[in-house]
Amino acid sequence: MLVDKKTFRKQLETIDSIPTLPKLMAKLTRMVDDPNVSVSEIGDEIAKDQVLATKILKLINSAFYGFPGRISSLTHAVVLLGFDVVKGLILSCAVFDIMKVQMMDLWIHSLAVSKTAGYIASELKEPEPEEITLAGLLHDIGKLIFKLQIPEKYAFILEEAARRQLPSLVMERALLGFDHAETAIWICQTWSLPERLMIPLGYHHNVTAPKIHKRQTAIVGLADMIADAAGFGAEGDGPLSPHEPSLLTILNIDDAFVERIFTNMMSEFPLLESEIKNTM
Amino acid sequence: MILVSCNDVPEGAKLAKPVFNQNGMSLANEGTALTNNMIKKFIAMGVEIVWIVGEKPLSDMEYAQMKEKVIRRFSLVQDDPLLIKLSKIQLEVLEAQKGAGEDAG
C-alpha cells in the first residue's frame with residue numbers, strides 16, 4: 001500500500017493544511033455543548049474572522065444556495081439553518097478556497113452535485129433539503145484531503161487511473177486500501193460533524209451500507225452519478241461505472257424521473273461558472 | 001450562455017443575466033422566461049441585445065470532439081439501460097447545438 005491506513009488516519013486528527021479551521025471548529029463545538037452560551041455568542045465567534053463570515057453570508061444568500069437575500073447575520077443563519085448546517089458551511093468556505101486554487105474541476109463538480117442533490121431533494125419533498133445540498137457540496141472532501149496530505153501519491157493514483165482507464169475510486173482502494181469516502185468519515189469524526197452529514201459523505205459510493213440517513217445518502221449518490229454522466233465529473237473519474245440500482249429503489253423513483261432530472265440539469269450546469277463567480 | 005439580438009430571441013428563452021434599461025433600471029431578472037410582450041418592451045426601451053441561457057452553436061470540430069468525449073465516458077456502461085438513455089439525451093443536445101449552428105450559417 002502507498003500509505004499506512006492507521007498512520008494516515010492519525011495524521012487527520014491534527015490536520016493543519018486547512019488554515020484556522022480546526023481551532024475554530026473545536027471552539028464552536030465546545031460553545032454549542034455549553035448551555036450557558038447563547039446563539040448570538042456563537043454568531044459573534046464566527047464573525048471574528050470577517051473574511052470567513054462574509055463568505056458564509058455570501059454563500060447562504062446566493063441564488064445558488066437558495067436563500068437569496070434572506071439571511072443578514074450569522075446569528076440569524078444559526079437560528080434558521082441550525083448549527084450543524086452553519087458548521088458545514090464554514091467547512092465548505094474553507095475547503096473551497098483551497099479547491100479554487102488547486103482543484104478547480106473538483107470545485108465545479110462539487111457545485112454540480114450540490115445543485116443536483118438540492119433539486120432532487122426538493123422534487124422528492126425531503127424535509128431538510130439544505131442539509132442534502134450541503135452534503136452534495138462536501139461529498140468529495142476526502143479527495144481534497146488526499147491532495148493536501150499525500151499530494152504526490154494522489155497524483156500517482158490519478159495517473160494510474162487515467163492510464164488504465166479505470167475510475168479513480170478503484171485505484172484509491174487498490175493502492176491505498178481505503179478511499180476518499182472513508183476519509184470523509186474520519187474528517188467528520190475529527191471535527192464532530194453530525195451523522196446526517198457524515199453518512200452521505202462516507203457512503204455515497206456504497207448507498208446500501210448505511211442503516212440510517214439512507215435517502216440523503218442515495219440522493220447524493222444519484223446526484224454524483226448525474227453530474228458525472230453530464231461531463232461534470234472530477235479529475236480522474238474516467239469512464240462511468242454501471243449505476244447502482246439501489247439508488248432508485250431507496251428513493252422509490254424510476255428511470256423516467258432520473259431522465260427528467262438529467263435533462264433539467266443539462267441546461268443548469270452551463271450556468272455554474274457564472275454562479276460560482278457570484279457565490280464566492 | 002449566449003448573446004442574442006432582441007430581434008432574434010425566441011419566446012420562452014431564459015435570461016442568463018439581468019436586463020437593465022439605459023438608466024440602469026432593472027427590467028428583468030436572471031432566470032426570467034421571456035414572453036413576446038417583454039421582448040417588445042425591451043426593444044421599445046432601447047435594449048438591443050440580451051444574454052440568454054444556452055450554448056453557442058458548435059462547429060463541426062467542436063461537435064466531433066464533444067461527441068467523442070460522451071462516447072468515451074459511457075464506453076463501459078453499454079449494458080446499463082438507464083445510462084444509455086442518459087448518453088442518448090446528451091448526444092441529442094449536442095446534435096441540437098450543432099444544428100443551431102447550421103441553421104445560423
# chains A, B, ... in the order shown; residues from 1 in each chain; ligands from 1
>>> closest_atom_pairs(of="chain B", to="chain A", cutoff="12 Å", atoms="only C-alpha atoms", output="Markdown table")
| residue | atom | partner | partner_atom | distance |
| --- | --- | --- | --- | --- |
| B:Met1 | CA | A:Leu271 | CA | 7.1 |
| B:Ile2 | CA | A:Pro270 | CA | 10.8 |
| B:Ala13 | CA | A:Ser267 | CA | 11.7 |
| B:Lys14 | CA | A:Ser267 | CA | 10.4 |
| B:Leu15 | CA | A:Leu271 | CA | 10.9 |
| B:Ala16 | CA | A:Leu271 | CA | 7.7 |
| B:Lys17 | CA | A:Ser274 | CA | 9.3 |
| B:Asn29 | CA | A:Ala63 | CA | 11.7 |
| B:Glu30 | CA | A:Ala63 | CA | 10.1 |
| B:Gly31 | CA | A:Leu271 | CA | 10.4 |
| B:Trp51 | CA | A:Leu271 | CA | 11.6 |
| B:Ile52 | CA | A:Leu271 | CA | 10.4 |
| B:Val53 | CA | A:Leu271 | CA | 7.6 |
| B:Gly54 | CA | A:Ser267 | CA | 7.2 |
| B:Glu55 | CA | A:Pro270 | CA | 8.0 |
| B:Lys56 | CA | A:Pro270 | CA | 11.2 |
| B:Met66 | CA | A:Gly231 | CA | 9.8 |
| B:Lys67 | CA | A:Gly231 | CA | 11.3 |
| B:Glu68 | CA | A:Gly231 | CA | 11.9 |
| B:Lys69 | CA | A:Gly231 | CA | 8.4 |
| B:Val70 | CA | A:Gly231 | CA | 7.6 |
| B:Ile71 | CA | A:Pro239 | CA | 9.3 |
| B:Arg72 | CA | A:Pro239 | CA | 6.5 |
| B:Arg73 | CA | A:Pro239 | CA | 4.3 |
| B:Phe74 | CA | A:Leu240 | CA | 5.8 |
| B:Ser75 | CA | A:Pro239 | CA | 6.5 |
| B:Leu76 | CA | A:Ser241 | CA | 6.5 |
| B:Val77 | CA | A:Pro242 | CA | 5.3 |
| B:Gln78 | CA | A:Pro242 | CA | 8.6 |
| B:Asp79 | CA | A:Pro242 | CA | 8.0 |
| B:Asp80 | CA | A:Pro242 | CA | 6.0 |
| B:Pro81 | CA | A:Asp255 | CA | 9.0 |
| B:Leu82 | CA | A:Asp255 | CA | 6.2 |
| B:Leu83 | CA | A:His243 | CA | 7.4 |
| B:Ile84 | CA | A:Pro242 | CA | 10.0 |
| B:Lys85 | CA | A:Glu259 | CA | 7.5 |
| B:Leu86 | CA | A:Glu259 | CA | 6.5 |
| B:Ser87 | CA | A:Ala229 | CA | 7.5 |
| B:Lys88 | CA | A:Glu259 | CA | 10.4 |
| B:Ile89 | CA | A:Thr263 | CA | 7.2 |
| B:Gln90 | CA | A:Ala230 | CA | 7.3 |
| B:Leu91 | CA | A:Ala230 | CA | 10.6 |
| B:Glu92 | CA | A:Thr263 | CA | 10.7 |
| B:Val93 | CA | A:Met266 | CA | 8.6 |
| B:Leu94 | CA | A:Met266 | CA | 10.9 |
>>> write_last_selection(atoms="N, CA and C atoms", output="tab-separated table (two decimals), in the first residue's frame")
chain	number	residue	atom	x	y	z
B	1	MET	N	-24.28	30.11	-22.12
B	1	MET	CA	-24.84	31.46	-22.16
B	1	MET	C	-24.49	32.09	-23.51
B	2	ILE	N	-25.50	32.63	-24.20
B	2	ILE	CA	-25.20	33.26	-25.49
B	2	ILE	C	-25.84	34.65	-25.58
B	13	ALA	N	-37.21	31.83	-24.12
B	13	ALA	CA	-35.79	31.75	-23.76
B	13	ALA	C	-35.60	32.32	-22.36
B	14	LYS	N	-34.67	31.73	-21.61
B	14	LYS	CA	-34.43	32.17	-20.23
B	14	LYS	C	-33.28	33.16	-20.19
B	15	LEU	N	-33.45	34.26	-19.44
B	15	LEU	CA	-32.35	35.22	-19.32
B	15	LEU	C	-31.21	34.64	-18.49
B	16	ALA	N	-30.00	34.75	-19.02
B	16	ALA	CA	-28.83	34.28	-18.26
B	16	ALA	C	-28.24	35.41	-17.43
B	17	LYS	N	-28.58	36.66	-17.79
B	17	LYS	CA	-28.14	37.82	-17.00
B	17	LYS	C	-29.31	38.79	-16.92
B	29	ASN	N	-35.08	40.04	-14.26
B	29	ASN	CA	-34.01	39.34	-13.54
B	29	ASN	C	-33.50	38.13	-14.32
B	30	GLU	N	-32.29	37.71	-13.92
B	30	GLU	CA	-31.71	36.46	-14.44
B	30	GLU	C	-32.70	35.31	-14.19
B	31	GLY	N	-32.85	34.45	-15.16
B	31	GLY	CA	-33.74	33.29	-14.98
B	31	GLY	C	-35.15	33.52	-15.50
B	51	TRP	N	-28.42	38.47	-22.82
B	51	TRP	CA	-27.76	37.18	-22.60
B	51	TRP	C	-28.85	36.16	-22.28
B	52	ILE	N	-28.91	35.07	-23.03
B	52	ILE	CA	-29.88	34.03	-22.70
B	52	ILE	C	-29.17	32.70	-22.41
B	53	VAL	N	-29.89	31.85	-21.70
B	53	VAL	CA	-29.34	30.54	-21.34
B	53	VAL	C	-29.22	29.70	-22.60
B	54	GLY	N	-28.10	29.05	-22.76
B	54	GLY	CA	-27.92	28.17	-23.92
B	54	GLY	C	-26.46	28.11	-24.31
B	55	GLU	N	-26.18	27.35	-25.28
B	55	GLU	CA	-24.82	27.19	-25.75
B	55	GLU	C	-24.71	27.83	-27.12
B	56	LYS	N	-23.52	28.38	-27.41
B	56	LYS	CA	-23.32	28.89	-28.76
B	56	LYS	C	-23.27	27.70	-29.72
B	66	MET	N	-16.68	16.77	-28.75
B	66	MET	CA	-17.58	16.56	-27.61
B	66	MET	C	-18.31	15.22	-27.72
B	67	LYS	N	-18.64	14.85	-28.94
B	67	LYS	CA	-19.30	13.56	-29.15
B	67	LYS	C	-18.36	12.41	-28.74
B	68	GLU	N	-17.10	12.58	-29.10
B	68	GLU	CA	-16.09	11.57	-28.75
B	68	GLU	C	-15.96	11.42	-27.23
B	69	LYS	N	-16.01	12.58	-26.53
B	69	LYS	CA	-15.92	12.56	-25.06
B	69	LYS	C	-17.11	11.81	-24.45
B	70	VAL	N	-18.31	12.07	-24.99
B	70	VAL	CA	-19.52	11.40	-24.47
B	70	VAL	C	-19.38	9.89	-24.69
B	71	ILE	N	-18.97	9.52	-25.88
B	71	ILE	CA	-18.86	8.08	-26.20
B	71	ILE	C	-17.84	7.40	-25.28
B	72	ARG	N	-16.71	8.11	-25.04
B	72	ARG	CA	-15.68	7.54	-24.16
B	72	ARG	C	-16.21	7.42	-22.72
B	73	ARG	N	-16.93	8.47	-22.29
B	73	ARG	CA	-17.44	8.47	-20.91
B	73	ARG	C	-18.39	7.30	-20.65
B	74	PHE	N	-19.18	6.95	-21.66
B	74	PHE	CA	-20.19	5.90	-21.49
B	74	PHE	C	-19.70	4.54	-22.02
B	75	SER	N	-18.40	4.45	-22.32
B	75	SER	CA	-17.91	3.25	-23.01
B	75	SER	C	-18.06	1.96	-22.20
B	76	LEU	N	-18.02	2.05	-20.87
B	76	LEU	CA	-18.08	0.84	-20.05
B	76	LEU	C	-19.49	0.50	-19.56
B	77	VAL	N	-20.48	1.27	-20.00
B	77	VAL	CA	-21.83	1.04	-19.45
B	77	VAL	C	-22.85	0.73	-20.56
B	78	GLN	N	-22.37	0.05	-21.58
B	78	GLN	CA	-23.26	-0.25	-22.71
B	78	GLN	C	-24.35	-1.26	-22.35
B	79	ASP	N	-24.21	-1.93	-21.20
B	79	ASP	CA	-25.25	-2.87	-20.75
B	79	ASP	C	-26.16	-2.24	-19.70
B	80	ASP	N	-26.02	-0.95	-19.49
B	80	ASP	CA	-26.82	-0.28	-18.45
B	80	ASP	C	-27.88	0.58	-19.15
B	81	PRO	N	-29.14	0.10	-19.20
B	81	PRO	CA	-30.17	0.82	-19.98
B	81	PRO	C	-30.37	2.27	-19.54
B	82	LEU	N	-30.30	2.53	-18.23
B	82	LEU	CA	-30.53	3.91	-17.76
B	82	LEU	C	-29.42	4.84	-18.26
B	83	LEU	N	-28.18	4.40	-18.11
B	83	LEU	CA	-27.07	5.27	-18.53
B	83	LEU	C	-27.03	5.42	-20.05
B	84	ILE	N	-27.46	4.39	-20.76
B	84	ILE	CA	-27.53	4.52	-22.23
B	84	ILE	C	-28.54	5.62	-22.60
B	85	LYS	N	-29.67	5.64	-21.87
B	85	LYS	CA	-30.67	6.68	-22.14
B	85	LYS	C	-30.08	8.07	-21.88
B	86	LEU	N	-29.29	8.18	-20.79
B	86	LEU	CA	-28.69	9.49	-20.48
B	86	LEU	C	-27.68	9.89	-21.56
B	87	SER	N	-26.95	8.92	-22.09
B	87	SER	CA	-25.99	9.25	-23.14
B	87	SER	C	-26.73	9.71	-24.41
B	88	LYS	N	-27.88	9.08	-24.67
B	88	LYS	CA	-28.66	9.50	-25.85
B	88	LYS	C	-29.18	10.93	-25.70
B	89	ILE	N	-29.63	11.26	-24.49
B	89	ILE	CA	-30.10	12.63	-24.24
B	89	ILE	C	-28.97	13.62	-24.53
B	90	GLN	N	-27.77	13.26	-24.04
B	90	GLN	CA	-26.63	14.15	-24.23
B	90	GLN	C	-26.26	14.30	-25.71
B	91	LEU	N	-26.29	13.19	-26.43
B	91	LEU	CA	-25.97	13.25	-27.86
B	91	LEU	C	-27.02	14.06	-28.62
B	92	GLU	N	-28.28	13.97	-28.18
B	92	GLU	CA	-29.34	14.77	-28.82
B	92	GLU	C	-29.11	16.26	-28.58
B	93	VAL	N	-28.68	16.61	-27.35
B	93	VAL	CA	-28.40	18.02	-27.04
B	93	VAL	C	-27.26	18.52	-27.92
B	94	LEU	N	-26.21	17.71	-28.06
B	94	LEU	CA	-25.07	18.10	-28.91
B	94	LEU	C	-25.53	18.30	-30.36
>>> closest_atom_pairs(of="region 72-175 of chain A", to="region 188-195 of chain A", cutoff="8 Å", atoms="only C-alpha atoms", output="Markdown table")
| residue | atom | partner | partner_atom | distance |
| --- | --- | --- | --- | --- |
| A:Asp84 | CA | A:Pro194 | CA | 6.6 |
| A:Lys87 | CA | A:Leu193 | CA | 7.7 |
| A:Gly88 | CA | A:Leu193 | CA | 7.6 |
>>> write_last_selection(atoms="C-alpha atoms", output="PDB file, in the first residue's frame")
ATOM      1  CA  ASP A  84     -24.736  21.816  12.030  1.00  0.00           C
ATOM      2  CA  LYS A  87     -20.646  24.406  10.676  1.00  0.00           C
ATOM      3  CA  GLY A  88     -20.773  22.594   7.333  1.00  0.00           C
TER       4      GLY A  88
END
>>> closest_residue(among="B:Leu27, B:Leu58, B:Val4, B:Val9", to="Lys41 (chain B)", atoms="only C-alpha atoms")
B:Leu27
>>> residues_around(residues="Thr7 (chain A)", least_positions_apart="5", cutoff="12 Å", atoms="only C-alpha atoms", output="PyMOL selection string")
chain A and resi 2+12-14+149+176
>>> write_last_selection(atoms="C-alpha atoms", output="PDB file, in the first residue's frame")
ATOM      1  CA  LEU A   2       1.156   3.545  -0.725  1.00  0.00           C
ATOM      2  CA  LEU A  12      -6.024  13.710  10.186  1.00  0.00           C
ATOM      3  CA  GLU A  13      -6.586  14.267  13.911  1.00  0.00           C
ATOM      4  CA  THR A  14      -4.044  17.061  13.811  1.00  0.00           C
ATOM      5  CA  GLN A 149      -1.901  15.395   2.791  1.00  0.00           C
ATOM      6  CA  LEU A 176      -4.271   2.888  -0.543  1.00  0.00           C
TER       7      LEU A 176
END
>>> select_by_dssp(residues="region 74-268 of chain A", states="helix (DSSP H, G or I)", output="number ranges by chain")
A: 74-81, 83-102, 104-123, 129-138, 141-149, 151-164, 168-176, 180-190, 195-203, 214-229, 246-251, 255-268
>>> atom_distance(atom1="CA of Gly202 (chain A)", atom2="CA of Leu124 (chain A)")
22.1 Å
>>> residues_around(residues="region 127-131 of chain A", least_positions_apart="4", cutoff="7 Å", atoms="only C-alpha atoms", output="VMD selection string")
chain A and resid 85 118 121 to 122 135
>>> write_last_selection(atoms="C-alpha atoms", output="CSV table (one decimal), in the first residue's frame")
chain,number,residue,atom,x,y,z
A,85,VAL,CA,-25.5,23.4,8.7
A,118,GLY,CA,-30.8,20.1,-3.8
A,121,ALA,CA,-34.4,16.8,-2.6
A,122,SER,CA,-37.0,19.5,-3.4
A,135,ALA,CA,-23.7,17.1,1.8
>>> select_by_dssp(residues="region 14-66 of chain B", states="strand (DSSP E or B)", output="list in words")
Lys14, Leu15, Val19, Phe20, Ser26, Leu27, Ala28, Ala33, Ile49, Val50, Trp51 and Ile52 of chain B
>>> atom_distance(atom1="CA of Tyr119 (chain A)", atom2="CA of Leu272 (chain A)")
14.1 Å
